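S.K.: Got a structure here, written out as structure tokens. Questions coming.
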Amino acid sequence: MPHADSSYFGGSGSKAEIYTQVIEQAKGLVTGQRNWVSNFSNVASLLWHAYAALPSPSSSVNWAGFYIREDKFPALSSAQSTPKKNDILLLGPFQGRPACQEIRFGRGVCGTAAQKRETVVVSDVLNFPGHIACDASSRSEIVVPILVGGETVAIIDIDCTETDGFNKEDEKYLEELAALLAESCDW
């Protein structure tokens with residue numbers, strides 16, 4: 001059963017140690033639960049607390065969460081008149097300030113990563129053509145697609161208030177987390 005202690009991260013760990021703890025805690029939290037809403041909610045909290053435990057610039061993360069492809073959301077009702085689309089991302093579980101609710105594939109950093117099916121690291125979002133500024137204080141961003149059967153079903157999105165907030169180490173561990181989530185949820 002999930003426990004709040006899984007989100008405790010000591011303030012003296014290296015980035016690799018903290019990310020390793022995130023992966024291990026995520027494995028424990030998703031065990032026995034295949035619903036992406038539950039799993040992504042817990043993992044968003046893990047990420048939020050993990051970044052807060054790291055030194056700058058990681059401690060300057062101001063948004064950590066997910067966008068999910070629209071057709072992966074449960075049907076709201078049988079009277080729904082429009083078919084769900086597989087080229088639109090809708091806001092999923094997150095930690096941080098309110099965010100954009102819908103992002104089309106190919107738009108902004110999130111939509112670009114979703115469309116390309118590859119991680120996008122932006123050292124300064126002010127220099128990214130078409131950046132969607134949900135929070136004007138964000139300066140760098142990393143977006144990692146969650147792929148199932150070669151298709152993007154969701155993305156991990158992390159924003160930081162400092163430039164150069166993310167590097168290859170973040171990319172490596174977040175891609176490992178994305179693979180875990182792809183395998184642990186019913187899509």
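The chains in the structure tokens are called A, B, ... from first to last as shown; in each chain the residues are counted from 1, and the ligands are counted from 1 in the order shown.
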From the DSSP assignment of the backbone, select every residue of segment 15-132 of chain A that is strand (DSSP E or B), and format the answer as a PDB file with all heavy atoms, in the first residue's frame.
M.R.:
```
ATOM      1  N   VAL A  61      12.747  23.537  -9.889  1.00  0.00           N
ATOM      2  CA  VAL A  61      11.647  22.992 -10.691  1.00  0.00           C
ATOM      3  C   VAL A  61      10.341  23.602 -10.165  1.00  0.00           C
ATOM      4  O   VAL A  61      10.081  23.592  -8.970  1.00  0.00           O
ATOM      5  CB  VAL A  61      11.622  21.448 -10.631  1.00  0.00           C
ATOM      6  CG1 VAL A  61      10.275  20.888 -11.063  1.00  0.00           C
ATOM      7  CG2 VAL A  61      12.738  20.883 -11.496  1.00  0.00           C
ATOM      8  N   ASN A  62       9.552  24.149 -11.081  1.00  0.00           N
ATOM      9  CA  ASN A  62       8.292  24.786 -10.696  1.00  0.00           C
ATOM     10  C   ASN A  62       7.060  24.066 -11.253  1.00  0.00           C
ATOM     11  O   ASN A  62       5.940  24.489 -10.989  1.00  0.00           O
ATOM     12  CB  ASN A  62       8.274  26.261 -11.121  1.00  0.00           C
ATOM     13  CG  ASN A  62       8.396  26.447 -12.614  1.00  0.00           C
ATOM     14  OD1 ASN A  62       9.093  25.707 -13.299  1.00  0.00           O
ATOM     15  ND2 ASN A  62       7.731  27.463 -13.141  1.00  0.00           N
ATOM     16  N   TRP A  63       7.264  22.984 -11.999  1.00  0.00           N
ATOM     17  CA  TRP A  63       6.135  22.206 -12.518  1.00  0.00           C
ATOM     18  C   TRP A  63       6.647  20.811 -12.860  1.00  0.00           C
ATOM     19  O   TRP A  63       7.674  20.657 -13.518  1.00  0.00           O
ATOM     20  CB  TRP A  63       5.551  22.868 -13.770  1.00  0.00           C
ATOM     21  CG  TRP A  63       4.139  22.482 -14.057  1.00  0.00           C
ATOM     22  CD1 TRP A  63       3.023  23.133 -13.613  1.00  0.00           C
ATOM     23  CD2 TRP A  63       3.666  21.377 -14.831  1.00  0.00           C
ATOM     24  NE1 TRP A  63       1.890  22.496 -14.070  1.00  0.00           N
ATOM     25  CE2 TRP A  63       2.256  21.413 -14.828  1.00  0.00           C
ATOM     26  CE3 TRP A  63       4.288  20.356 -15.528  1.00  0.00           C
ATOM     27  CZ2 TRP A  63       1.463  20.483 -15.477  1.00  0.00           C
ATOM     28  CZ3 TRP A  63       3.502  19.418 -16.195  1.00  0.00           C
ATOM     29  CH2 TRP A  63       2.107  19.486 -16.161  1.00  0.00           C
ATOM     30  N   ALA A  64       5.932  19.805 -12.405  1.00  0.00           N
ATOM     31  CA  ALA A  64       6.298  18.415 -12.708  1.00  0.00           C
ATOM     32  C   ALA A  64       5.004  17.641 -12.907  1.00  0.00           C
ATOM     33  O   ALA A  64       4.174  17.577 -11.994  1.00  0.00           O
ATOM     34  CB  ALA A  64       7.116  17.808 -11.566  1.00  0.00           C
ATOM     35  N   GLY A  65       4.835  17.086 -14.092  1.00  0.00           N
ATOM     36  CA  GLY A  65       3.609  16.348 -14.319  1.00  0.00           C
ATOM     37  C   GLY A  65       3.512  15.722 -15.681  1.00  0.00           C
ATOM     38  O   GLY A  65       4.532  15.472 -16.336  1.00  0.00           O
ATOM     39  N   PHE A  66       2.279  15.510 -16.097  1.00  0.00           N
ATOM     40  CA  PHE A  66       2.002  14.711 -17.285  1.00  0.00           C
ATOM     41  C   PHE A  66       0.923  15.341 -18.152  1.00  0.00           C
ATOM     42  O   PHE A  66       0.010  16.003 -17.649  1.00  0.00           O
ATOM     43  CB  PHE A  66       1.506  13.317 -16.865  1.00  0.00           C
ATOM     44  CG  PHE A  66       2.492  12.577 -16.015  1.00  0.00           C
ATOM     45  CD1 PHE A  66       2.440  12.669 -14.633  1.00  0.00           C
ATOM     46  CD2 PHE A  66       3.468  11.781 -16.586  1.00  0.00           C
ATOM     47  CE1 PHE A  66       3.345  11.988 -13.841  1.00  0.00           C
ATOM     48  CE2 PHE A  66       4.379  11.099 -15.803  1.00  0.00           C
ATOM     49  CZ  PHE A  66       4.326  11.204 -14.425  1.00  0.00           C
ATOM     50  N   TYR A  67       1.047  15.096 -19.434  1.00  0.00           N
ATOM     51  CA  TYR A  67      -0.037  15.311 -20.394  1.00  0.00           C
ATOM     52  C   TYR A  67      -0.308  13.951 -21.015  1.00  0.00           C
ATOM     53  O   TYR A  67       0.619  13.181 -21.282  1.00  0.00           O
ATOM     54  CB  TYR A  67       0.353  16.327 -21.466  1.00  0.00           C
ATOM     55  CG  TYR A  67       0.244  17.754 -20.991  1.00  0.00           C
ATOM     56  CD1 TYR A  67       1.313  18.380 -20.352  1.00  0.00           C
ATOM     57  CD2 TYR A  67      -0.928  18.478 -21.180  1.00  0.00           C
ATOM     58  CE1 TYR A  67       1.215  19.686 -19.918  1.00  0.00           C
ATOM     59  CE2 TYR A  67      -1.035  19.787 -20.745  1.00  0.00           C
ATOM     60  CZ  TYR A  67       0.039  20.384 -20.118  1.00  0.00           C
ATOM     61  OH  TYR A  67      -0.069  21.687 -19.672  1.00  0.00           O
ATOM     62  N   ILE A  68      -1.575  13.663 -21.252  1.00  0.00           N
ATOM     63  CA  ILE A  68      -1.985  12.343 -21.752  1.00  0.00           C
ATOM     64  C   ILE A  68      -2.753  12.539 -23.048  1.00  0.00           C
ATOM     65  O   ILE A  68      -3.557  13.477 -23.169  1.00  0.00           O
ATOM     66  CB  ILE A  68      -2.860  11.599 -20.710  1.00  0.00           C
ATOM     67  CG1 ILE A  68      -2.064  11.258 -19.440  1.00  0.00           C
ATOM     68  CG2 ILE A  68      -3.391  10.301 -21.275  1.00  0.00           C
ATOM     69  CD1 ILE A  68      -1.839  12.332 -18.497  1.00  0.00           C
ATOM     70  N   ARG A  69      -2.494  11.649 -23.990  1.00  0.00           N
ATOM     71  CA  ARG A  69      -3.200  11.713 -25.267  1.00  0.00           C
ATOM     72  C   ARG A  69      -4.704  11.609 -25.028  1.00  0.00           C
ATOM     73  O   ARG A  69      -5.152  10.769 -24.246  1.00  0.00           O
ATOM     74  CB  ARG A  69      -2.702  10.606 -26.194  1.00  0.00           C
ATOM     75  CG  ARG A  69      -2.919  10.912 -27.660  1.00  0.00           C
ATOM     76  CD  ARG A  69      -2.240   9.902 -28.529  1.00  0.00           C
ATOM     77  NE  ARG A  69      -2.966   8.630 -28.459  1.00  0.00           N
ATOM     78  CZ  ARG A  69      -2.475   7.479 -28.889  1.00  0.00           C
ATOM     79  NH1 ARG A  69      -1.266   7.413 -29.403  1.00  0.00           N
ATOM     80  NH2 ARG A  69      -3.199   6.383 -28.799  1.00  0.00           N
ATOM     81  N   ILE A  88      -3.930  15.085 -29.707  1.00  0.00           N
ATOM     82  CA  ILE A  88      -4.106  16.144 -28.715  1.00  0.00           C
ATOM     83  C   ILE A  88      -3.706  15.594 -27.349  1.00  0.00           C
ATOM     84  O   ILE A  88      -4.100  14.498 -26.975  1.00  0.00           O
ATOM     85  CB  ILE A  88      -5.569  16.632 -28.671  1.00  0.00           C
ATOM     86  CG1 ILE A  88      -5.947  17.297 -29.994  1.00  0.00           C
ATOM     87  CG2 ILE A  88      -5.789  17.607 -27.516  1.00  0.00           C
ATOM     88  CD1 ILE A  88      -7.408  17.671 -30.100  1.00  0.00           C
ATOM     89  N   LEU A  89      -2.918  16.377 -26.618  1.00  0.00           N
ATOM     90  CA  LEU A  89      -2.547  16.037 -25.248  1.00  0.00           C
ATOM     91  C   LEU A  89      -3.424  16.841 -24.299  1.00  0.00           C
ATOM     92  O   LEU A  89      -3.607  18.053 -24.485  1.00  0.00           O
ATOM     93  CB  LEU A  89      -1.086  16.393 -24.985  1.00  0.00           C
ATOM     94  CG  LEU A  89      -0.042  15.643 -25.807  1.00  0.00           C
ATOM     95  CD1 LEU A  89       1.324  16.318 -25.661  1.00  0.00           C
ATOM     96  CD2 LEU A  89       0.021  14.193 -25.391  1.00  0.00           C
ATOM     97  N   LEU A  90      -3.973  16.171 -23.293  1.00  0.00           N
ATOM     98  CA  LEU A  90      -4.753  16.842 -22.260  1.00  0.00           C
ATOM     99  C   LEU A  90      -3.992  16.794 -20.942  1.00  0.00           C
ATOM    100  O   LEU A  90      -3.274  15.838 -20.658  1.00  0.00           O
ATOM    101  CB  LEU A  90      -6.114  16.165 -22.086  1.00  0.00           C
ATOM    102  CG  LEU A  90      -7.067  16.257 -23.274  1.00  0.00           C
ATOM    103  CD1 LEU A  90      -8.357  15.501 -22.962  1.00  0.00           C
ATOM    104  CD2 LEU A  90      -7.371  17.695 -23.640  1.00  0.00           C
ATOM    105  N   LEU A  91      -4.173  17.821 -20.152  1.00  0.00           N
ATOM    106  CA  LEU A  91      -3.513  17.934 -18.855  1.00  0.00           C
ATOM    107  C   LEU A  91      -3.845  16.732 -17.975  1.00  0.00           C
ATOM    108  O   LEU A  91      -4.995  16.349 -17.844  1.00  0.00           O
ATOM    109  CB  LEU A  91      -3.969  19.222 -18.168  1.00  0.00           C
ATOM    110  CG  LEU A  91      -3.380  19.529 -16.801  1.00  0.00           C
ATOM    111  CD1 LEU A  91      -1.872  19.721 -16.890  1.00  0.00           C
ATOM    112  CD2 LEU A  91      -4.052  20.774 -16.227  1.00  0.00           C
ATOM    113  N   GLY A  92      -2.813  16.154 -17.397  1.00  0.00           N
ATOM    114  CA  GLY A  92      -2.964  15.036 -16.483  1.00  0.00           C
ATOM    115  C   GLY A  92      -2.497  15.428 -15.098  1.00  0.00           C
ATOM    116  O   GLY A  92      -2.350  16.620 -14.790  1.00  0.00           O
ATOM    117  N   PRO A  93      -2.237  14.451 -14.247  1.00  0.00           N
ATOM    118  CA  PRO A  93      -1.775  14.732 -12.888  1.00  0.00           C
ATOM    119  C   PRO A  93      -0.467  15.540 -12.890  1.00  0.00           C
ATOM    120  O   PRO A  93       0.418  15.296 -13.714  1.00  0.00           O
ATOM    121  CB  PRO A  93      -1.547  13.340 -12.299  1.00  0.00           C
ATOM    122  CG  PRO A  93      -2.470  12.460 -13.083  1.00  0.00           C
ATOM    123  CD  PRO A  93      -2.446  13.018 -14.470  1.00  0.00           C
ATOM    124  N   PHE A  94      -0.370  16.491 -11.954  1.00  0.00           N
ATOM    125  CA  PHE A  94       0.832  17.329 -11.888  1.00  0.00           C
ATOM    126  C   PHE A  94       0.963  17.956 -10.509  1.00  0.00           C
ATOM    127  O   PHE A  94       0.036  17.928  -9.710  1.00  0.00           O
ATOM    128  CB  PHE A  94       0.798  18.419 -12.965  1.00  0.00           C
ATOM    129  CG  PHE A  94      -0.220  19.508 -12.707  1.00  0.00           C
ATOM    130  CD1 PHE A  94       0.135  20.680 -12.051  1.00  0.00           C
ATOM    131  CD2 PHE A  94      -1.533  19.365 -13.127  1.00  0.00           C
ATOM    132  CE1 PHE A  94      -0.800  21.681 -11.808  1.00  0.00           C
ATOM    133  CE2 PHE A  94      -2.474  20.363 -12.892  1.00  0.00           C
ATOM    134  CZ  PHE A  94      -2.108  21.527 -12.230  1.00  0.00           C
ATOM    135  N   GLN A  95       2.117  18.577 -10.291  1.00  0.00           N
ATOM    136  CA  GLN A  95       2.393  19.402  -9.120  1.00  0.00           C
ATOM    137  C   GLN A  95       2.912  20.733  -9.650  1.00  0.00           C
ATOM    138  O   GLN A  95       3.762  20.759 -10.541  1.00  0.00           O
ATOM    139  CB  GLN A  95       3.458  18.768  -8.225  1.00  0.00           C
ATOM    140  CG  GLN A  95       3.070  17.423  -7.665  1.00  0.00           C
ATOM    141  CD  GLN A  95       2.094  17.536  -6.524  1.00  0.00           C
ATOM    142  OE1 GLN A  95       2.310  18.300  -5.592  1.00  0.00           O
ATOM    143  NE2 GLN A  95       1.027  16.768  -6.584  1.00  0.00           N
ATOM    144  N   GLY A  96       2.403  21.822  -9.124  1.00  0.00           N
ATOM    145  CA  GLY A  96       2.822  23.148  -9.574  1.00  0.00           C
ATOM    146  C   GLY A  96       1.615  24.020  -9.810  1.00  0.00           C
ATOM    147  O   GLY A  96       0.498  23.698  -9.396  1.00  0.00           O
ATOM    148  N   GLU A 102      -4.827  21.857 -22.892  1.00  0.00           N
ATOM    149  CA  GLU A 102      -4.772  21.108 -24.138  1.00  0.00           C
ATOM    150  C   GLU A 102      -3.581  21.569 -24.963  1.00  0.00           C
ATOM    151  O   GLU A 102      -3.346  22.770 -25.096  1.00  0.00           O
ATOM    152  CB  GLU A 102      -6.070  21.351 -24.921  1.00  0.00           C
ATOM    153  CG  GLU A 102      -6.125  20.652 -26.251  1.00  0.00           C
ATOM    154  CD  GLU A 102      -7.422  20.936 -27.003  1.00  0.00           C
ATOM    155  OE1 GLU A 102      -8.494  20.586 -26.475  1.00  0.00           O
ATOM    156  OE2 GLU A 102      -7.340  21.518 -28.093  1.00  0.00           O
ATOM    157  N   ILE A 103      -2.825  20.608 -25.485  1.00  0.00           N
ATOM    158  CA  ILE A 103      -1.684  20.908 -26.355  1.00  0.00           C
ATOM    159  C   ILE A 103      -1.751  19.959 -27.553  1.00  0.00           C
ATOM    160  O   ILE A 103      -1.843  18.747 -27.372  1.00  0.00           O
ATOM    161  CB  ILE A 103      -0.337  20.744 -25.611  1.00  0.00           C
ATOM    162  CG1 ILE A 103      -0.259  21.711 -24.426  1.00  0.00           C
ATOM    163  CG2 ILE A 103       0.829  20.951 -26.572  1.00  0.00           C
ATOM    164  CD1 ILE A 103       0.960  21.530 -23.545  1.00  0.00           C
ATOM    165  N   ARG A 104      -1.683  20.511 -28.729  1.00  0.00           N
ATOM    166  CA  ARG A 104      -1.707  19.687 -29.944  1.00  0.00           C
ATOM    167  C   ARG A 104      -0.313  19.142 -30.242  1.00  0.00           C
ATOM    168  O   ARG A 104       0.688  19.802 -29.975  1.00  0.00           O
ATOM    169  CB  ARG A 104      -2.193  20.486 -31.141  1.00  0.00           C
ATOM    170  CG  ARG A 104      -3.647  20.889 -31.024  1.00  0.00           C
ATOM    171  CD  ARG A 104      -4.212  21.353 -32.361  1.00  0.00           C
ATOM    172  NE  ARG A 104      -5.630  21.595 -32.223  1.00  0.00           N
ATOM    173  CZ  ARG A 104      -6.564  20.654 -32.300  1.00  0.00           C
ATOM    174  NH1 ARG A 104      -6.224  19.415 -32.542  1.00  0.00           N
ATOM    175  NH2 ARG A 104      -7.840  20.949 -32.159  1.00  0.00           N
ATOM    176  N   VAL A 120      12.870  15.964 -25.554  1.00  0.00           N
ATOM    177  CA  VAL A 120      13.292  17.306 -25.945  1.00  0.00           C
ATOM    178  C   VAL A 120      13.739  18.030 -24.677  1.00  0.00           C
ATOM    179  O   VAL A 120      12.975  18.130 -23.714  1.00  0.00           O
ATOM    180  CB  VAL A 120      12.150  18.085 -26.638  1.00  0.00           C
ATOM    181  CG1 VAL A 120      12.597  19.508 -26.956  1.00  0.00           C
ATOM    182  CG2 VAL A 120      11.691  17.373 -27.899  1.00  0.00           C
ATOM    183  N   VAL A 121      14.991  18.498 -24.691  1.00  0.00           N
ATOM    184  CA  VAL A 121      15.548  19.273 -23.588  1.00  0.00           C
ATOM    185  C   VAL A 121      15.776  20.685 -24.110  1.00  0.00           C
ATOM    186  O   VAL A 121      16.460  20.871 -25.118  1.00  0.00           O
ATOM    187  CB  VAL A 121      16.886  18.678 -23.083  1.00  0.00           C
ATOM    188  CG1 VAL A 121      17.462  19.513 -21.944  1.00  0.00           C
ATOM    189  CG2 VAL A 121      16.705  17.233 -22.657  1.00  0.00           C
ATOM    190  N   VAL A 122      15.198  21.667 -23.427  1.00  0.00           N
ATOM    191  CA  VAL A 122      15.321  23.063 -23.854  1.00  0.00           C
ATOM    192  C   VAL A 122      16.017  23.831 -22.737  1.00  0.00           C
ATOM    193  O   VAL A 122      15.478  23.953 -21.631  1.00  0.00           O
ATOM    194  CB  VAL A 122      13.936  23.672 -24.160  1.00  0.00           C
ATOM    195  CG1 VAL A 122      14.078  25.121 -24.585  1.00  0.00           C
ATOM    196  CG2 VAL A 122      13.222  22.856 -25.230  1.00  0.00           C
TER     197      VAL A 122
END
```
S.K.: Quick one: residues within 6 Å of segment 165-168 of chain A, only C-alpha atoms, excluding same-chain residues fewer than 4 positions away - as an mmCIF file with C-alpha atoms, in the first residue's frame?
M.R.:
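selection_35.cif was written with the following content:
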```cif
data_model
loop_
_atom_site.group_PDB
_atom_site.id
_atom_site.type_symbol
_atom_site.label_atom_id
_atom_site.label_comp_id
_atom_site.auth_asym_id
_atom_site.auth_seq_id
_atom_site.Cartn_x
_atom_site.Cartn_y
_atom_site.Cartn_z
ATOM 1 C CA PRO A 57 19.036 24.236 -10.555
ATOM 2 C CA SER A 140 14.014 25.585 -19.084
ATOM 3 C CA CYS A 160 12.468 24.888 -14.132
#
```
S.K.: Extract, using only C-alpha atoms, all DNA, RNA and protein residues at most 10 Å from segment 178-186 of chain A, discarding same-chain residues fewer than 6 positions from it, and format them as an NGL selection string.
M.R.: :A and (23 or 26-27 or 30-40 or 43 or 72 or 144-149 or 152-156)
S.K.: List the spatial neighbours of Ala16 of chain A as a PyMOL selection string - criterion: any atom at most 12 Å away, only C-alpha atoms, same-chain residues fewer than 4 positions off excluded.
M.R.: chain A and resi 12+20-23+50-51+54+167-174
S.K.: Point out the residue among A:Ser56, A:Pro129, A:Asp157, A:Leu29 with the least atom-to-atom distance to Ala99 of chain A, counting only C-alpha atoms.
M.R.: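 Residue with the minimum atom-to-atom distance to Ala99 of chain A: A:Asp157.
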S.K.: Which residues come within 6 Å of Thr161 of chain A, counting only C-alpha atoms, excluding same-chain residues fewer than 5 positions away, as number ranges by chain?
M.R.: A: 60, 137-139
S.K.: I need the residue nearest Gly111 of chain A from this list: A:Ala136, A:Leu126, A:Ile18, A:Ile142. Use only C-alpha atoms for the distance.
M.R.: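 Smallest distance to Gly111 of chain A is found for A:Ile142.
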